[in-house]
file work_2.txt (compact mmCIF, C-alpha atoms)
# COMPACT_ATOMS: atom_id res chain seq x y z
CA MET A 620 34.83 0.67 16.42
CA ASN A 621 36.93 3.84 16.84
CA PHE A 622 36.61 6.59 19.44
CA ILE A 623 34.45 8.84 17.23
CA GLU A 624 31.95 6.04 16.52
CA ILE A 625 31.70 5.15 20.22
CA PHE A 626 31.22 8.85 21.05
CA GLU A 627 28.41 9.12 18.48
CA ILE A 628 26.67 6.05 19.90
CA TRP A 629 26.89 7.50 23.41
CA VAL A 630 25.47 10.86 22.24
CA ILE A 631 22.46 9.07 20.74
CA ALA A 632 22.11 6.84 23.83
CA PHE A 633 22.22 9.85 26.17
CA SER A 634 19.56 11.74 24.20
CA THR A 635 17.37 8.63 23.96
CA LEU A 636 17.60 7.79 27.68
CA ALA A 637 17.16 11.46 28.65
CA LEU A 638 13.87 11.62 26.73
CA PHE A 639 12.71 8.24 28.02
CA SER A 640 13.37 9.43 31.59
CA PHE A 641 10.12 11.41 31.31
CA LEU A 642 8.27 8.08 31.57
CA TYR A 643 9.30 8.03 35.23
CA LYS A 644 8.59 11.72 35.86
CA ASP A 645 9.46 15.20 34.62
CA ASN A 646 13.11 15.89 35.49
CA PRO A 647 15.97 18.31 34.61
CA ILE A 648 17.72 15.82 32.30
CA TYR A 649 14.53 15.40 30.28
CA LYS A 650 14.02 19.17 30.15
CA LEU A 651 17.58 19.64 28.93
CA ALA A 652 17.09 17.08 26.14
CA GLU A 653 13.68 18.55 25.27
CA HIS A 654 15.11 22.05 24.87
CA ILE A 655 18.05 20.76 22.81
CA PHE A 656 15.55 18.96 20.56
CA ALA A 657 13.35 22.06 20.18
CA GLY A 658 16.37 24.23 19.32
CA LEU A 659 17.84 21.76 16.85
CA SER A 660 14.47 21.35 15.11
CA ALA A 661 14.13 25.12 14.71
CA GLY A 662 17.75 25.39 13.51
CA TYR A 663 17.14 22.55 11.07
CA TYR A 664 14.52 24.64 9.25
CA VAL A 665 16.85 27.65 9.06
CA GLY A 666 19.47 25.52 7.27
CA LEU A 667 16.87 23.89 5.05
CA ILE A 668 15.15 27.14 4.02
CA TRP A 669 18.45 28.97 3.57
CA ASP A 670 19.73 26.34 1.16
CA THR A 671 16.61 25.20 -0.73
CA VAL A 672 14.71 28.49 -0.88
CA ILE A 673 16.88 31.56 -0.25
CA LEU A 674 19.93 30.32 -2.21
CA GLN A 675 18.45 27.92 -4.77
CA GLN A 676 15.18 29.70 -5.58
CA LEU A 677 15.99 33.35 -4.89
CA TRP A 678 19.67 34.34 -4.75
CA ASN A 679 21.22 32.09 -7.44
CA PRO A 680 18.44 32.67 -10.05
CA MET A 681 18.73 36.44 -9.42
CA LEU A 682 22.47 36.28 -10.12
CA ASP A 683 21.59 34.38 -13.31
CA GLY A 684 19.51 37.33 -14.54
CA ARG A 685 16.05 36.68 -13.13
CA TRP A 686 16.09 40.07 -11.38
CA TRP A 687 12.30 40.19 -10.92
CA LEU A 688 12.60 37.62 -8.11
CA ILE A 689 13.53 40.62 -5.96
CA PHE A 690 9.75 41.19 -5.57
CA PRO A 691 8.96 37.91 -3.71
CA GLY A 692 12.16 38.59 -1.76
CA ILE A 693 10.77 41.97 -0.70
CA LEU A 694 7.38 40.38 0.10
CA GLY A 695 9.21 37.83 2.27
CA ILE A 696 11.18 40.52 4.12
CA LEU A 697 7.95 42.49 4.68
CA MET A 698 6.72 39.51 6.73
CA PHE A 699 9.16 40.57 9.45
CA ALA A 700 7.18 43.81 9.87
CA ARG A 701 4.97 41.78 12.23
CA PHE A 702 7.62 42.29 14.91
CA PHE A 703 7.02 46.06 14.84
CA PRO A 704 3.44 46.80 16.01
CA LYS A 705 3.38 50.21 14.29
CA PHE A 706 4.16 48.68 10.88
CA SER A 707 2.70 45.19 11.31
CA TRP A 708 -0.03 45.95 8.75
CA VAL A 709 2.65 45.99 6.04
CA SER A 710 3.02 42.21 6.38
CA ARG A 711 -0.62 41.71 5.37
CA THR A 712 0.18 42.03 1.66
CA SER A 713 2.72 39.21 1.87
CA LEU A 714 0.31 37.13 3.91
CA ALA A 715 -2.52 37.83 1.46
CA PHE A 716 -0.27 36.73 -1.40
CA VAL A 717 0.55 33.41 0.32
CA MET A 718 -3.08 32.80 1.34
CA ALA A 719 -4.50 33.63 -2.09
CA THR A 720 -1.93 31.53 -3.95
CA THR A 721 -2.67 28.57 -1.69
CA ALA A 722 -6.41 29.21 -2.11
CA GLY A 723 -6.11 29.48 -5.90
CA ILE A 724 -4.24 26.17 -6.08
CA PHE A 725 -6.54 24.49 -3.53
CA LEU A 726 -9.84 25.55 -5.07
CA ILE A 727 -9.36 23.58 -8.24
CA SER A 728 -7.02 20.86 -6.96
CA GLN A 729 -9.35 19.90 -4.11
CA LEU A 730 -12.32 19.54 -6.45
CA HIS A 731 -10.35 18.08 -9.34
CA GLY A 732 -7.98 15.88 -7.38
CA LEU A 733 -10.03 14.78 -4.38
CA VAL A 734 -13.81 15.31 -4.59
CA LEU A 735 -14.41 14.10 -8.16
CA PRO A 736 -12.11 11.00 -8.03
CA GLN A 737 -13.53 9.97 -4.64
CA LEU A 738 -17.11 10.34 -5.90
CA LYS A 739 -16.23 8.46 -9.08
CA ALA A 740 -14.68 5.63 -7.06
CA THR A 741 -17.82 5.40 -4.92
CA MET A 742 -20.39 5.45 -7.74
CA LEU A 743 -19.69 2.00 -9.14
CA PRO A 744 -22.18 -0.64 -10.37
CA LEU A 745 -23.31 -2.76 -7.44
CA VAL A 746 -23.67 -5.93 -9.49
CA SER A 747 -20.44 -6.98 -11.21
CA ASP A 748 -18.51 -10.10 -12.20
CA ALA A 749 -16.44 -9.82 -9.00
CA GLY A 750 -19.09 -11.71 -7.04
CA ILE A 751 -21.39 -11.22 -4.05
CA ALA A 752 -18.56 -10.23 -1.67
CA ALA A 753 -17.63 -7.27 -3.91
CA THR A 754 -21.30 -6.22 -4.13
CA PHE A 755 -21.63 -6.36 -0.35
CA SER A 756 -18.38 -4.38 0.07
CA SER A 757 -19.61 -1.73 -2.41
CA ILE A 758 -22.91 -1.40 -0.48
CA ILE A 759 -20.92 -0.91 2.76
CA VAL A 760 -18.81 1.80 1.08
CA ILE A 761 -21.87 3.66 -0.28
CA ILE A 762 -23.71 3.55 3.06
CA GLY A 763 -20.51 4.54 4.88
CA VAL A 764 -19.74 7.54 2.64
CA ILE A 765 -23.32 8.90 2.76
CA SER A 766 -23.77 8.38 6.51
CA THR A 767 -20.34 9.92 7.29
CA LEU A 768 -21.14 12.98 5.17
CA ILE A 769 -24.52 13.30 6.91
CA TYR A 770 -22.90 13.01 10.36
CA PHE A 771 -20.71 16.03 9.49
CA TYR A 772 -23.70 18.00 8.17
CA PHE A 773 -24.50 20.39 10.99
CA SER A 774 -26.86 22.80 9.22
CA LYS A 775 -29.90 20.81 10.36
CA GLU A 776 -30.66 19.13 13.69
CA HIS A 777 -29.90 15.39 13.69
CA VAL A 778 -33.44 14.10 14.30
CA GLY A 779 -35.68 11.65 12.43
CA ALA A 780 -34.21 10.01 9.32
CA LEU A 781 -31.25 12.40 9.44
CA GLY A 782 -30.57 11.41 13.06
CA VAL A 783 -30.71 7.67 12.28
CA THR A 784 -28.34 8.08 9.32
CA ALA A 785 -25.98 10.23 11.44
CA LYS A 786 -26.03 7.47 14.10
CA VAL A 787 -25.01 4.90 11.47
CA GLY A 788 -22.32 7.40 10.43
CA ILE A 789 -20.95 7.44 14.00
CA TRP A 790 -20.63 3.64 13.96
CA PHE A 791 -18.74 3.75 10.70
CA ILE A 792 -16.51 6.55 12.00
CA MET A 793 -15.77 4.54 15.16
CA ILE A 794 -14.71 1.56 13.04
CA SER A 795 -12.40 3.81 11.02
CA PHE A 796 -10.97 5.53 14.11
CA GLY A 797 -10.42 2.13 15.71
CA ALA A 798 -8.52 0.92 12.64
CA HIS A 799 -6.44 4.11 12.59
CA PHE A 800 -5.76 3.86 16.30
CA GLY A 801 -4.57 0.29 15.80
CA TYR A 802 -2.23 1.40 13.04
CA THR A 803 -0.92 4.35 15.08
CA VAL A 804 -0.16 2.10 18.04
CA MET A 805 1.63 -0.33 15.72
CA GLY A 806 3.72 2.54 14.29
CA ARG A 807 4.68 3.90 17.71
CA VAL A 808 5.53 0.46 19.07
CA SER A 809 7.65 -0.15 15.98
CA LEU A 810 9.61 3.06 16.75
CA LEU A 811 9.96 1.97 20.38
CA ILE A 812 11.35 -1.39 19.27
CA GLY A 813 13.84 0.51 17.09
CA ARG A 814 15.07 2.62 20.01
CA VAL A 815 15.28 -0.34 22.40
CA GLN A 816 17.10 -2.34 19.72
CA PHE A 817 19.62 0.52 19.37
CA LEU A 818 20.19 0.70 23.11
CA TYR A 819 20.56 -3.07 23.44
CA GLU A 820 22.67 -3.81 20.38
CA ASP A 821 24.68 -0.64 19.69
CA TRP A 822 24.96 1.09 23.05
CA ILE A 823 25.35 -1.93 25.35
CA GLY A 824 27.41 -3.52 22.55
CA SER A 825 29.85 -0.60 22.79
CA PHE A 826 30.55 -1.44 26.46
CA SER A 827 32.78 -4.32 25.41
CA GLN A 828 34.86 -1.87 23.33
CA ILE A 829 35.38 0.49 26.28
CA PHE A 830 35.64 -1.80 29.30
CA MET B 523 -5.16 51.21 2.10
CA ARG B 524 -4.15 48.88 4.97
CA THR B 525 -6.91 46.40 4.08
CA GLN B 526 -7.68 47.18 0.44
CA VAL B 527 -4.18 46.49 -0.94
CA PRO B 528 -3.98 42.96 0.57
CA VAL B 529 -7.54 42.18 -0.62
CA VAL B 530 -6.70 43.34 -4.18
CA VAL B 531 -3.43 41.36 -4.14
CA ALA B 532 -5.35 38.28 -2.91
CA PHE B 533 -8.00 38.63 -5.61
CA LEU B 534 -5.57 39.16 -8.49
CA THR B 535 -3.26 36.32 -7.40
CA GLY B 536 -6.04 33.84 -6.68
CA PHE B 537 -7.95 34.74 -9.85
CA ALA B 538 -4.82 34.38 -12.03
CA LEU B 539 -4.19 30.90 -10.61
CA LEU B 540 -7.84 29.88 -11.09
CA VAL B 541 -7.89 31.05 -14.71
CA SER B 542 -4.53 29.38 -15.42
CA PHE B 543 -6.09 25.93 -14.87
CA PHE B 544 -7.97 26.42 -18.13
CA PHE B 545 -4.84 27.18 -20.18
CA ASN B 546 -1.73 25.26 -21.19
CA GLU B 547 1.52 25.90 -19.33
CA ASN B 548 3.21 27.38 -22.42
CA THR B 549 0.67 30.21 -22.73
CA TRP B 550 1.47 33.55 -21.09
CA ILE B 551 -1.12 33.00 -18.35
CA GLY B 552 0.32 29.54 -17.71
CA GLN B 553 3.77 31.07 -17.34
CA ILE B 554 2.44 33.70 -14.92
CA SER B 555 0.90 30.87 -12.87
CA SER B 556 4.24 28.99 -12.80
CA GLU B 557 6.03 32.18 -11.74
CA ILE B 558 3.50 32.83 -8.95
CA LYS B 559 4.10 29.29 -7.66
CA ILE B 560 7.86 30.01 -7.46
CA TRP B 561 7.17 33.34 -5.75
CA VAL B 562 4.98 31.70 -3.10
CA THR B 563 7.73 29.16 -2.33
CA ILE B 564 10.09 32.08 -1.68
CA VAL B 565 7.63 34.06 0.46
CA GLY B 566 6.61 30.82 2.24
CA GLY B 567 10.28 30.17 3.05
CA PHE B 568 10.49 33.57 4.72
CA THR B 569 7.39 32.74 6.81
CA LEU B 570 9.19 29.67 8.18
CA LEU B 571 12.20 31.84 9.02
CA LEU B 572 9.79 34.27 10.67
CA GLY B 573 8.70 31.41 12.95
CA VAL B 574 12.29 30.62 13.92
CA VAL B 575 13.04 34.32 14.56
CA SER B 576 9.91 34.43 16.73
CA ILE B 577 11.07 31.41 18.78
CA THR B 578 14.48 33.06 19.20
CA ARG B 579 12.90 36.34 20.34
CA VAL B 580 10.63 34.62 22.88
CA ASN B 581 13.51 32.61 24.32
CA TRP B 582 15.84 35.62 24.36
CA ALA B 583 13.22 37.67 26.23
CA ALA B 584 12.90 34.88 28.82
CA VAL B 585 16.69 34.75 29.28
CA LYS B 586 16.97 38.54 29.50
CA GLY B 587 14.19 38.75 32.06
CA ARG B 588 15.67 35.79 34.04
CA LYS B 589 12.25 34.13 33.96
CA GLU B 590 11.67 30.67 35.44
CA GLY B 591 13.62 28.00 33.55
CA TRP B 592 15.73 30.60 31.71
CA GLY B 593 18.72 28.25 31.78
CA TYR B 594 16.85 25.83 29.51
CA LYS B 595 16.03 28.70 27.14
CA VAL B 596 19.79 29.34 26.84
CA VAL B 597 20.15 25.69 25.79
CA THR B 598 17.42 26.17 23.15
CA LEU B 599 19.13 29.29 21.79
CA ILE B 600 22.54 27.56 21.67
CA SER B 601 20.93 24.60 19.85
CA ILE B 602 19.25 26.87 17.30
CA PHE B 603 22.49 28.71 16.52
CA ALA B 604 24.63 25.56 16.60
CA MET B 605 22.43 24.01 13.93
CA ALA B 606 21.64 27.12 11.86
CA ILE B 607 24.87 29.13 11.66
CA PRO B 608 27.18 26.41 10.21
CA ALA B 609 24.46 25.58 7.66
CA VAL B 610 24.29 29.20 6.48
CA PHE B 611 28.03 29.47 5.75
CA PRO B 612 29.09 28.07 2.35
CA SER B 613 30.72 24.64 2.26
CA THR B 614 33.52 26.13 0.13
CA TRP B 615 34.87 27.79 3.29
CA SER B 616 35.08 24.54 5.23
CA PRO B 617 33.63 21.00 4.92
CA LEU B 618 32.07 21.59 8.36
CA PHE B 619 29.80 24.28 6.88
CA GLY B 620 26.78 23.84 4.58
CA ARG B 621 24.42 20.89 4.74
CA ALA B 622 26.40 18.13 3.02
CA GLU B 623 27.48 14.89 4.68
CA GLY B 624 30.25 15.57 7.17
CA SER B 625 29.01 19.07 8.03
CA ILE B 626 28.08 20.16 11.58
CA TYR B 627 24.45 20.51 10.43
CA ASP B 628 24.39 16.93 9.12
CA TRP B 629 26.13 15.55 12.23
CA LEU B 630 23.67 17.25 14.59
CA PHE B 631 20.74 16.04 12.50
CA VAL B 632 21.91 12.41 12.26
CA TYR B 633 23.20 11.94 15.80
CA LEU B 634 20.89 14.19 17.83
CA ASP B 635 17.80 15.57 16.07
CA SER B 636 16.74 12.43 14.22
CA PRO B 637 17.15 9.94 17.14
CA MET B 638 15.43 12.40 19.48
CA MET B 639 12.50 12.70 17.08
CA ALA B 640 12.17 8.90 16.92
CA THR B 641 12.40 8.68 20.73
CA MET B 642 9.73 11.36 21.19
CA PHE B 643 7.33 9.42 18.96
CA ALA B 644 8.32 6.13 20.64
CA THR B 645 7.52 7.66 24.04
CA LEU B 646 3.99 8.23 22.77
CA ALA B 647 3.53 4.44 22.61
CA PHE B 648 3.27 4.44 26.43
CA TYR B 649 0.86 7.38 26.52
CA ILE B 650 -1.28 5.89 23.77
CA ALA B 651 -1.57 2.77 25.94
CA SER B 652 -2.84 4.79 28.92
CA ALA B 653 -5.13 6.88 26.67
CA ALA B 654 -6.48 3.65 25.18
CA TYR B 655 -7.32 2.35 28.65
CA ARG B 656 -9.40 5.46 29.32
CA ALA B 657 -10.99 5.70 25.87
CA PHE B 658 -11.65 2.04 25.31
CA ARG B 659 -13.67 1.25 28.39
CA ALA B 660 -16.67 -0.22 26.61
CA ARG B 661 -19.32 1.99 28.16
CA THR B 662 -21.29 2.71 25.00
CA PRO B 663 -21.89 0.78 21.76
CA GLU B 664 -19.68 3.32 19.93
CA SER B 665 -16.68 2.82 22.24
CA THR B 666 -17.20 -0.95 22.02
CA ILE B 667 -16.98 -0.76 18.21
CA LEU B 668 -13.79 1.33 18.53
CA LEU B 669 -12.32 -1.16 21.03
CA LEU B 670 -13.11 -4.23 18.91
CA THR B 671 -11.82 -2.72 15.66
CA ALA B 672 -8.58 -1.41 17.19
CA THR B 673 -7.92 -4.74 18.92
CA ALA B 674 -8.64 -6.72 15.74
CA VAL B 675 -6.41 -4.48 13.59
CA MET B 676 -3.54 -4.63 16.11
CA LEU B 677 -3.81 -8.43 16.29
CA TRP B 678 -4.13 -8.76 12.53
CA ARG B 679 -0.98 -6.72 11.81
CA VAL B 680 1.45 -8.93 13.76
CA PRO B 681 2.30 -12.49 12.68
CA MET B 682 1.48 -14.00 16.08
CA GLY B 683 -1.86 -12.16 16.20
CA GLU B 684 -2.76 -13.24 12.69
CA ALA B 685 -1.98 -16.86 13.62
CA PHE B 686 -4.23 -16.44 16.66
CA LEU B 687 -7.09 -15.02 14.55
CA ASN B 688 -6.74 -17.96 12.18
CA LEU B 689 -7.56 -20.33 15.06
CA PHE B 690 -11.18 -19.15 14.88
CA PRO B 691 -13.64 -20.42 12.26
CA GLY B 692 -14.09 -18.22 9.19
CA ASN B 693 -11.25 -16.26 7.62
CA ILE B 694 -11.07 -13.31 10.05
CA PRO B 695 -7.98 -11.64 8.47
CA GLU B 696 -9.71 -11.74 5.06
CA PHE B 697 -12.90 -10.36 6.61
CA LEU B 698 -10.92 -7.53 8.26
CA ASN B 699 -9.21 -6.68 4.99
CA THR B 700 -12.35 -6.74 2.82
CA TYR B 701 -15.03 -5.28 5.06
CA ILE B 702 -13.17 -3.24 7.68
CA MET B 703 -10.12 -1.77 5.92
CA ASN B 704 -11.39 -1.68 2.33
CA GLY B 705 -15.05 -1.33 3.34
CA ALA B 706 -16.05 0.72 6.39
CA ASN B 707 -12.65 2.40 6.91
CA MET B 708 -12.34 3.42 3.27
CA ALA B 709 -15.93 4.70 3.22
CA VAL B 710 -15.29 6.97 6.21
CA GLN B 711 -12.00 8.20 4.73
CA ARG B 712 -13.84 9.07 1.54
CA GLY B 713 -16.60 10.85 3.45
CA ILE B 714 -14.05 12.88 5.43
CA ILE B 715 -11.94 13.64 2.34
CA ILE B 716 -14.99 14.79 0.33
CA GLY B 717 -16.28 16.93 3.22
CA ALA B 718 -12.89 18.48 3.99
CA ALA B 719 -12.13 19.13 0.31
CA LEU B 720 -15.48 20.87 -0.22
CA GLY B 721 -14.82 22.94 2.91
CA ALA B 722 -11.31 23.84 1.71
CA ALA B 723 -12.65 24.79 -1.73
CA SER B 724 -15.37 27.04 -0.31
CA MET B 725 -12.89 28.67 2.10
CA SER B 726 -10.50 29.24 -0.81
CA LEU B 727 -13.25 31.01 -2.73
CA ARG B 728 -14.01 33.20 0.31
CA ILE B 729 -10.31 34.17 0.56
CA ILE B 730 -10.00 35.00 -3.13
CA LEU B 731 -13.19 37.09 -3.11
CA GLY B 732 -12.04 38.94 0.02
CA ILE B 733 -14.95 37.72 2.17
CA GLU B 734 -12.61 35.85 4.51
CA ARG B 735 -10.13 38.32 6.01
CA THR B 736 -9.42 36.90 9.46
CA TYR B 737 -5.89 35.88 8.40
CA MET B 738 -5.00 39.59 8.33
CA GLY B 739 -5.52 39.92 12.07
CA LYS B 740 -6.72 43.06 13.80
CA GLY B 741 -5.65 46.66 13.40

call {"tool": "encode", "arguments": {"input": "work_2.txt", "output": "structure tokens"}}
result
Amino acid sequence: MNFIEIFEIWVIAFSTLALFSFLYKDNPIYKLAEHIFAGLSAGYYVGLIWDTVILQQLWNPMLDGRWWLIFPGILGILMFARFFPKFSWVSRTSLAFVMATTAGIFLISQLHGLVLPQLKATMLPLVSDAGIAATFSSIIVIIGVISTLIYFYFSKEHVGALGVTAKVGIWFIMISFGAHFGYTVMGRVSLLIGRVQFLYEDWIGSFSQIF
Amino acid sequence: MRTQVPVVVAFLTGFALLVSFFFNENTWIGQISSEIKIWVTIVGGFTLLLGVVSITRVNWAAVKGRKEGWGYKVVTLISIFAMAIPAVFPSTWSPLFGRAEGSIYDWLFVYLDSPMMATMFATLAFYIASAAYRAFRARTPESTILLLTATAVMLWRVPMGEAFLNLFPGNIPEFLNTYIMNGANMAVQRGIIIGAALGAASMSLRIILGIERTYMGKG
């Protein structure tokens, strides 16, 4: 392990311990690390956008003869008019373009790619060769989908049959949220194990190289 | 003029993309659609830069006005510029510039940004535990269901927990997989996906038709 490698390990260890120090209480070292992290994350996007969008999608193609890309470039620059209250309305055209393009893509893709396949996957024959367990599972899915959709239907008061179905929907939703919570905890603990493993193996391991 | 032009632009762009779904990509309308998608990537890139410029302005104003914690804002500004400026210069000038391996940008990402991101998420493990204590107190049937499912899933997903569940009669891991994950959980996911997708589609239609204009702000 050379000096540079040890230095890199100590940089990571410092940032990791500085952020973990918040578990005790808010402190200046944590704040320092937090602000470094916020700045680096913002700077990361500048580098990413500069390379993948401004150079690769705008500047280089324009040099190759696709001059009309100047128009999205102008629309992009107009976005910065938001910083000048007198001219902030100019940025609306750029914003409208982004919103409408996203909407145009979403309108069909949401119906075509999500609603129809999900409905198709739900509307399956209840009796099949897969056996009684598959039938029971399909019934659970159908009841779950309908009751969840009814729970999120707020145009009518949840009373009577609608109220009972919405109540069943809540139970299904709680099962799903519980499962997701379990998975989230597992993911976070896995990251924690990774950080502790780094500190124990790499950082403490580097002590023997220094001392 | 201030409202009409954006509404017309929104209608024409959205309508062109909608119509293009019914044509092949090699037709002229298909090519317009492909071009619009490139254009929106470019304009979208500028919106991300707008966000970074906004962060820089806010922090700079705090430093200039010597507001509370302005020293930390200086650190944020230095971090932004330290990461961004070397990435903007071409790598032909120096191997430290650009975004390739060995550049300042890459070094800061690998040895500071990325570990810090992992640590931030790892820190949440502790807060999730305390949130779970508050949320999981089985006061109602609903919170009891949440508690039982989360506990079962957490046990099921680790080898020791799975071995523990197998001590009980009946195949609990198989039950969890068939009826909880691929049954109730999948049903709710489908319900949410269908509902959200229908909502997104109707909102998209409102934007294209110019009924929804709140994204333009006031003035």

call {"tool": "residues_around", "arguments": {"input": "work_2.txt", "residues": "Thr641 (chain B)", "least_positions_apart": "3", "cutoff": "7 Å", "atoms": "only C-alpha atoms", "output": "PyMOL selection string"}}
result
(chain A and resi 635+638+814) or (chain B and resi 637-638+644-645)

call {"tool": "residues_around", "arguments": {"input": "work_2.txt", "residues": "Met805 (chain A)", "least_positions_apart": "6", "cutoff": "12 Å", "atoms": "all atoms listed in the file", "output": "list of chain:residue names"}}
result
A:Ala798, A:His799, A:Leu811, A:Ile812, B:Phe643, B:Ala644, B:Leu646, B:Ala647, B:Phe648, B:Ile650, B:Ala651, B:Ala672, B:Thr673, B:Val675, B:Met676, B:Leu677, B:Trp678, B:Arg679, B:Val680

call {"tool": "interface_residues", "arguments": {"input": "work_2.txt", "of": "chain B", "to": "chain A", "cutoff": "6 Å", "atoms": "all atoms listed in the file", "output": "PyMOL selection string"}}
result
chain B and resi 528+532+536+539-540+561-562+564-565+567-568+574+598+601-602+605-606+609+633+641+644+647+668+671-672+675-676+705-707+709-710+713+716+719+723+726+730+738

call {"tool": "residues_near_point", "arguments": {"input": "work_2.txt", "point": "(31.5, 19.5, 2.4)", "cutoff": "12 Å", "atoms": "all atoms listed in the file", "output": "ChimeraX atom specification"}}
result
/B:608-609,611-629

call {"tool": "write_last_selection", "arguments": {"input": "work_2.txt", "atoms": "C-alpha atoms", "output": "PDB file, in the frame of the given file"}}
result
ATOM      1  CA  PRO B 608      27.180  26.410  10.210  1.00  0.00           C
ATOM      2  CA  ALA B 609      24.460  25.580   7.660  1.00  0.00           C
ATOM      3  CA  PHE B 611      28.030  29.470   5.750  1.00  0.00           C
ATOM      4  CA  PRO B 612      29.090  28.070   2.350  1.00  0.00           C
ATOM      5  CA  SER B 613      30.720  24.640   2.260  1.00  0.00           C
ATOM      6  CA  THR B 614      33.520  26.130   0.130  1.00  0.00           C
ATOM      7  CA  TRP B 615      34.870  27.790   3.290  1.00  0.00           C
ATOM      8  CA  SER B 616      35.080  24.540   5.230  1.00  0.00           C
ATOM      9  CA  PRO B 617      33.630  21.000   4.920  1.00  0.00           C
ATOM     10  CA  LEU B 618      32.070  21.590   8.360  1.00  0.00           C
ATOM     11  CA  PHE B 619      29.800  24.280   6.880  1.00  0.00           C
ATOM     12  CA  GLY B 620      26.780  23.840   4.580  1.00  0.00           C
ATOM     13  CA  ARG B 621      24.420  20.890   4.740  1.00  0.00           C
ATOM     14  CA  ALA B 622      26.400  18.130   3.020  1.00  0.00           C
ATOM     15  CA  GLU B 623      27.480  14.890   4.680  1.00  0.00           C
ATOM     16  CA  GLY B 624      30.250  15.570   7.170  1.00  0.00           C
ATOM     17  CA  SER B 625      29.010  19.070   8.030  1.00  0.00           C
ATOM     18  CA  ILE B 626      28.080  20.160  11.580  1.00  0.00           C
ATOM     19  CA  TYR B 627      24.450  20.510  10.430  1.00  0.00           C
ATOM     20  CA  ASP B 628      24.390  16.930   9.120  1.00  0.00           C
ATOM     21  CA  TRP B 629      26.130  15.550  12.230  1.00  0.00           C
TER      22      TRP B 629
END

call {"tool": "atom_distance", "arguments": {"input": "work_2.txt", "atom1": "CA of Lys586 (chain B)", "atom2": "CA of Leu599 (chain B)"}}
result
12.2 Å

call {"tool": "atom_distance", "arguments": {"input": "work_2.txt", "atom1": "CA of Ile648 (chain A)", "atom2": "CA of Val597 (chain B)"}}
result
12.1 Å

call {"tool": "closest_residue", "arguments": {"input": "work_2.txt", "among": "B:Leu670, B:Val529, B:Ala654, B:Ile554", "to": "Glu734 (chain B)", "atoms": "all atoms listed in the file"}}
result
B:Val529

call {"tool": "closest_residue", "arguments": {"input": "work_2.txt", "among": "A:Thr754, A:Asn646, A:Val787, A:Phe773", "to": "Pro663 (chain B)", "atoms": "all atoms listed in the file"}}
result
A:Val787

call {"tool": "closest_residue", "arguments": {"input": "work_2.txt", "among": "B:Ile560, B:Met642, B:Ile600, B:Leu572", "to": "Tyr649 (chain A)", "atoms": "all atoms listed in the file"}}
result
B:Met642

call {"tool": "atom_distance", "arguments": {"input": "work_2.txt", "atom1": "CA of Leu743 (chain A)", "atom2": "CA of Lys775 (chain A)"}}
result
29.0 Å

call {"tool": "residues_around", "arguments": {"input": "work_2.txt", "residues": "Gly732 (chain B)", "least_positions_apart": "3", "cutoff": "9 Å", "atoms": "all atoms listed in the file", "output": "ChimeraX atom specification"}}
result
/B:529-530,532-533,727-729,735
